[in-house]
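Participant: There's a structure below that I have some questions on.
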Amino acid sequence: NLLTAPLSPSFRNLLDKDMFSKSDPLCVMYTQGMENKQWREFGRTEVIDNTLNPDFVRKFIDFLGQAFCTLGEIVGSSGSRLEKPLTIGAFSLNSRTGKPMPAVSNGGVPGKKCGTIILSAEELSNCRDVATMQFCANKLDKKDFFGKSDPFLVFYRSNEDGTFTICHKTEVMKNTLNPVWQTFSIPVRALCNGDYDRTIKVEVYDWDRDGSHDFIGEFTTSYRELARGQSQFNIYEVINPKKKMKKKKYVNSGTVTLLSFAVESECTFLDYIKGGTQINFTVAIDFTASNGNPSQSTSLHYMSPYQLNAYALALTAVGEIIQHYDSDKMFPALGFGAKLPPDGRVSHEFPLNGNQENPSCCGIDGILEAYHRSLRTVQLYGPTNFAPVVTPSWRSAAAVQDGSQYSVLLIITDGVISDMAQTKEAIVNAAKLPMSIIIIGVGQAEFDAMVELDGDDVRISSRGKLAERDIVQFVPFRDYVDRTGNHVLSMARLARDVLAEIPDQLVSYMKAQGIRPRPRYWGLSPECLTAELHPQPILFFLF
């Protein structure tokens with residue numbers, strides 16, 4: 001079984017940084033690499049408006065505080081619940097890169113207390129069911145002077161020590177005492193950790209703009225009760241304990257009714273791989289002149305007899321992992337941005353092996369051999385165009401959409417993209433297909449355009465059409481090179497980071513298309529069914 005410990009960040013008594021209201025905090029978590037000790041963003045919570053005591057639902061810009069700990073500290077604490085003081089310390093965020101940097105932010109004093117962070121961890125069961133449900137309410141208390149109420153629900157899972165952890169929050173329904181909330185889905189392990197009789201607490205609030213939401217009432221249930229579906233057993237009285245104590249004739253503050261309930265097993269990346277889904281891996285390498293003359297040691301394409309260059313290292317790091325998910329290990333390998341012999345025409349999509357009919361190379365070694373051969377025969381030129389290599393890849397992916405194949409395009413480049421509009425259009429087209437794109441930036445250029453294509457913050461669009469999925473993952477190669485510039489690389493860490501989003505991207509496509517995994521197929525390399533875990537320090541930043 002794969003055992004994980006989800007972290008549920010809560011904070012108390014944070015600094016108030018807003019003049020006319022309270023702070024709007026969010027929490028960002030960083031993990032520290034084992035090799036070069038660099039901090040990298042692991043994830044971030046939602047923003048909660050107007051509160052100094054946030055309980056974030058999402059588990060894992062004014063600087064409010066920081067705290068250091070290890071996962072072992074959290075798990076090893078009493079009840080797996082760790083409290084640590086937040087301080088204004090020796091780190092803030094670089095405004096350009098968004099990464100930690102040595103500094104004292106906002107005139108803060110190092111060591112100054114800024115509140116407390118509370119971290120809890122609980123071992124998850126291997127339950128992979130996902131529950132989908134919908135609720136409505138009737139005759140809730142009126143809380144607004146000039147209106148009715150703006151109700152929303154907050155769900156809490158009970159913990160082994162008797163405390164509660166927030167696990168879901170519904171949307172706000174404006175100006176109604178009889179709301180019907182939207183259907184939502186939640187993993188059963190998040191709702192009750194697979195314990196069907198564990199208490200689930202639901203609180204009902206009236207939303208207020210200033211964040212001081214009014215408590216309407218609460219009720220408790222369990223997964224087993226909810227699983228009965230719509231029935232007399234799933235109509236709950238909303239009780240406000242304070243009102244109940246003060247008013248003898250108090251009955252309730254309304255009722256909440258379960259309208260629908262369904263459960264299905266959540267499919268994972270490994271389920272699809274075991275079912276025979278093949279990963280079709282394609283490589284596209286930048287041969288533009290900005291890389292420098294390959295015969296000179298300053299070139300990013302320099303072929304040293306003693307070590308691999310940045311392109312070869314990046315290709316090897318990713319390819320050595322992903323090749324095990326493809327049974328025939330024949331990979332198309334393309335170049336772009338070069339003048340080709342014999343006539344010197346500029347090509348933005350040419351086969352590294354010189355075979356226009358079949359650009360596939362045998363294994364990663366075959367790609368490297370074709371890459372080195374191309375460096376000796378083509379002339380580096382330009383410009384840096386991505387669309388000519390993205391477009392044929394998505395067209396190839398469009399040919400097979402039954403779940404048996406999934407395409408991954410690796411682009412390794414050194415420069416600023418020249419055909420941004422065309423590339424965005426190609427990515428938007430690819431987003432609805434079984435395909436993902438990895439971009440590794442080598443060299444010291446600014447990669448702002450690549451970050452935009454990554455789409456983690458803002459989903460990319462083209463001609464008013466939004467990409468259906470986030471399918472692009474970008475990482476700068478320089479983050480994996482030591483300070484001496486000797487290209488000492490943790491290939492495992494690079495591969496982990498660039499491939500991190502592929503499983504979720506594959507599953508999101510399959511789920512959107514209603515494709516279930518096939519029965520298990522055992523013709524796989526054992527390497528693709530193994531994983532390695534590493535203890536890593538964790539750093540939290542709060543904003």
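Labels for the structure tokens follow display order: chains A, B, ..., residues from 1 in each chain, ligands from 1.
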Can you pull out every residue within 9 Å of Val408 (chain A), counting only C-alpha atoms, but drop anything in the same chain fewer than 5 positions away, and send it as a PyMOL selection string?
Facilitator: chain A and resi 279-283+393+434-438+502
Participant: Quick one: residues within 12 Å of Leu340 (chain A), only C-alpha atoms, excluding same-chain residues fewer than 5 positions away - as a VMD selection string?
Facilitator: chain A and resid 287 335 345 to 352 354 374 to 382
Participant: Using only C-alpha atoms, what does the table of region 129-188 of chain A residues within 12 Å of region 231-245 of chain A look like, with each row giving the shortest atom pair and its distance in Å to one decimal, sorted by chain and ascending number, as a Markdown table?
Facilitator:
```
| residue | atom | partner | partner_atom | distance |
| --- | --- | --- | --- | --- |
| A:Met133 | CA | A:Asn234 | CA | 11.8 |
| A:Gln134 | CA | A:Asn234 | CA | 11.5 |
| A:Phe135 | CA | A:Ile235 | CA | 9.7 |
| A:Cys136 | CA | A:Ile235 | CA | 9.7 |
| A:Ala137 | CA | A:Tyr236 | CA | 9.2 |
| A:Asn138 | CA | A:Glu237 | CA | 9.8 |
| A:Lys139 | CA | A:Val238 | CA | 10.0 |
| A:Leu140 | CA | A:Val238 | CA | 8.1 |
| A:Asp141 | CA | A:Val238 | CA | 9.6 |
| A:Leu153 | CA | A:Val238 | CA | 11.2 |
```
Participant: Could you write out, as a list in words, all the residues of region 191-275 of chain A that DSSP marks as helix (DSSP H, G or I)?
Facilitator: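 Of region 191-275 of chain A, only Leu191, Cys192, Tyr223, Arg224, Glu225, Leu226, Gln232, Phe233, Asn234, Pro241, Lys242, Lys243, Lys244, Met245, Lys246, Phe269, Leu270, Asp271, Tyr272, Ile273 and Lys274 of chain A fall in helix (DSSP H, G or I).
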Participant: Using only C-alpha atoms, find the one residue out of A:Lys22, A:Lys246, A:Lys142, A:Arg128 that sits nearest to Ser212 (chain A).
Facilitator: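 With only C-alpha atoms as the atom set, the closest residue is A:Lys22.
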Participant: Among region 153-237 of chain A, which ones does DSSP place in strand (DSSP E), written as an MDAnalysis selection string?
Facilitator: chainID A and resid 153:158 164:169 184:187 199:206 214:222 235:237
Participant: Could you write out that same residue set with N, CA, C and O atoms as a CSV table (one decimal), in the first residue's frame?
Facilitator:
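Once everything was written out, this is result.csv:
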```csv
chain,number,residue,atom,x,y,z
A,153,LEU,N,-22.0,25.7,3.3
A,153,LEU,CA,-21.7,24.6,4.2
A,153,LEU,C,-20.2,24.4,4.3
A,153,LEU,O,-19.5,24.5,3.3
A,154,VAL,N,-19.8,24.0,5.5
A,154,VAL,CA,-18.4,23.6,5.7
A,154,VAL,C,-18.4,22.2,6.3
A,154,VAL,O,-19.0,21.9,7.3
A,155,PHE,N,-17.7,21.3,5.7
A,155,PHE,CA,-17.6,19.9,6.1
A,155,PHE,C,-16.3,19.6,6.9
A,155,PHE,O,-15.2,20.1,6.4
A,156,TYR,N,-16.4,18.9,7.9
A,156,TYR,CA,-15.2,18.5,8.7
A,156,TYR,C,-15.1,17.0,8.9
A,156,TYR,O,-16.1,16.4,9.2
A,157,ARG,N,-13.9,16.5,8.8
A,157,ARG,CA,-13.7,15.1,9.1
A,157,ARG,C,-13.2,15.0,10.6
A,157,ARG,O,-12.3,15.8,11.0
A,158,SER,N,-13.7,14.1,11.3
A,158,SER,CA,-13.2,13.9,12.7
A,158,SER,C,-11.9,13.1,12.7
A,158,SER,O,-11.7,12.2,11.9
A,164,PHE,N,-11.4,18.1,14.7
A,164,PHE,CA,-12.0,18.0,13.4
A,164,PHE,C,-11.1,18.8,12.4
A,164,PHE,O,-10.4,19.8,12.8
A,165,THR,N,-11.0,18.3,11.2
A,165,THR,CA,-10.2,18.9,10.1
A,165,THR,C,-11.1,19.3,9.0
A,165,THR,O,-11.9,18.4,8.5
A,166,ILE,N,-11.1,20.5,8.5
A,166,ILE,CA,-11.9,20.9,7.4
A,166,ILE,C,-11.6,20.1,6.1
A,166,ILE,O,-10.4,19.9,5.9
A,167,CYS,N,-12.6,19.7,5.4
A,167,CYS,CA,-12.3,18.9,4.2
A,167,CYS,C,-13.0,19.4,3.0
A,167,CYS,O,-12.7,19.0,1.8
A,168,HIS,N,-14.0,20.2,3.1
A,168,HIS,CA,-14.8,20.7,2.0
A,168,HIS,C,-15.6,22.0,2.4
A,168,HIS,O,-16.1,22.1,3.5
A,169,LYS,N,-15.7,22.9,1.4
A,169,LYS,CA,-16.5,24.1,1.6
A,169,LYS,C,-17.3,24.3,0.4
A,169,LYS,O,-16.8,24.3,-0.7
A,184,PHE,N,-21.0,18.2,-5.7
A,184,PHE,CA,-19.5,18.3,-5.5
A,184,PHE,C,-19.1,16.8,-5.3
A,184,PHE,O,-19.8,16.0,-4.9
A,185,SER,N,-17.8,16.6,-5.6
A,185,SER,CA,-17.1,15.3,-5.4
A,185,SER,C,-16.0,15.5,-4.4
A,185,SER,O,-15.3,16.5,-4.4
A,186,ILE,N,-15.8,14.4,-3.6
A,186,ILE,CA,-14.7,14.4,-2.6
A,186,ILE,C,-14.3,13.0,-2.4
A,186,ILE,O,-15.1,12.1,-2.3
A,187,PRO,N,-12.9,12.8,-2.3
A,187,PRO,CA,-12.4,11.4,-2.0
A,187,PRO,C,-13.0,11.0,-0.6
A,187,PRO,O,-13.0,11.7,0.3
A,199,THR,N,-17.5,10.2,12.5
A,199,THR,CA,-18.3,11.4,12.5
A,199,THR,C,-17.9,12.4,11.5
A,199,THR,O,-16.7,12.7,11.3
A,200,ILE,N,-18.9,12.9,10.7
A,200,ILE,CA,-18.7,14.0,9.8
A,200,ILE,C,-19.5,15.2,10.3
A,200,ILE,O,-20.7,15.1,10.5
A,201,LYS,N,-18.9,16.3,10.6
A,201,LYS,CA,-19.6,17.5,11.1
A,201,LYS,C,-19.8,18.5,10.0
A,201,LYS,O,-18.9,18.7,9.2
A,202,VAL,N,-21.0,19.0,9.9
A,202,VAL,CA,-21.3,20.0,8.9
A,202,VAL,C,-21.8,21.3,9.6
A,202,VAL,O,-22.7,21.2,10.4
A,203,GLU,N,-21.1,22.4,9.3
A,203,GLU,CA,-21.5,23.7,9.8
A,203,GLU,C,-22.1,24.5,8.7
A,203,GLU,O,-21.7,24.5,7.6
A,204,VAL,N,-23.2,25.3,9.1
A,204,VAL,CA,-23.9,26.2,8.2
A,204,VAL,C,-23.6,27.6,8.5
A,204,VAL,O,-23.8,28.0,9.7
A,205,TYR,N,-23.1,28.4,7.6
A,205,TYR,CA,-22.8,29.8,7.9
A,205,TYR,C,-23.5,30.7,6.9
A,205,TYR,O,-23.9,30.3,5.8
A,206,ASP,N,-23.7,32.0,7.4
A,206,ASP,CA,-24.1,33.0,6.5
A,206,ASP,C,-22.9,33.9,6.1
A,206,ASP,O,-22.2,34.4,7.0
A,214,ASP,N,-21.5,34.6,9.9
A,214,ASP,CA,-22.4,34.3,11.0
A,214,ASP,C,-22.7,32.8,11.0
A,214,ASP,O,-23.1,32.2,10.0
A,215,PHE,N,-22.6,32.2,12.2
A,215,PHE,CA,-22.9,30.8,12.4
A,215,PHE,C,-24.4,30.6,12.5
A,215,PHE,O,-25.1,31.2,13.3
A,216,ILE,N,-24.9,29.8,11.6
A,216,ILE,CA,-26.3,29.5,11.6
A,216,ILE,C,-26.6,28.2,12.5
A,216,ILE,O,-27.5,28.2,13.3
A,217,GLY,N,-25.8,27.2,12.3
A,217,GLY,CA,-26.0,26.0,13.0
A,217,GLY,C,-25.2,24.8,12.5
A,217,GLY,O,-24.4,25.0,11.6
A,218,GLU,N,-25.4,23.6,13.0
A,218,GLU,CA,-24.5,22.5,12.6
A,218,GLU,C,-25.3,21.2,12.8
A,218,GLU,O,-26.4,21.2,13.4
A,219,PHE,N,-24.8,20.2,12.2
A,219,PHE,CA,-25.3,18.8,12.4
A,219,PHE,C,-24.2,17.8,12.1
A,219,PHE,O,-23.2,18.2,11.6
A,220,THR,N,-24.4,16.6,12.5
A,220,THR,CA,-23.4,15.6,12.3
A,220,THR,C,-24.0,14.4,11.5
A,220,THR,O,-25.3,14.2,11.6
A,221,THR,N,-23.2,13.7,10.8
A,221,THR,CA,-23.6,12.5,10.0
A,221,THR,C,-22.4,11.6,9.9
A,221,THR,O,-21.4,11.7,10.6
A,222,SER,N,-22.5,10.6,9.0
A,222,SER,CA,-21.4,9.7,8.8
A,222,SER,C,-21.5,9.3,7.3
A,222,SER,O,-22.5,9.4,6.7
A,235,ILE,N,-32.3,13.8,6.2
A,235,ILE,CA,-32.8,15.2,6.4
A,235,ILE,C,-32.4,15.5,7.8
A,235,ILE,O,-32.7,14.9,8.8
A,236,TYR,N,-31.5,16.6,7.9
A,236,TYR,CA,-30.9,16.9,9.2
A,236,TYR,C,-31.3,18.3,9.7
A,236,TYR,O,-31.4,19.2,9.0
A,237,GLU,N,-31.6,18.3,11.0
A,237,GLU,CA,-32.0,19.5,11.7
A,237,GLU,C,-30.7,20.3,11.9
A,237,GLU,O,-29.7,19.8,12.4
```
Participant: Would you pick out the contacts of Ser297 (chain A) at 12 Å or less, using only C-alpha atoms, so that residues sharing its chain but fewer than 3 positions from it are not included, and give the list as an MDAnalysis selection string?
Facilitator: chainID A and resid 291:294 300:309 486
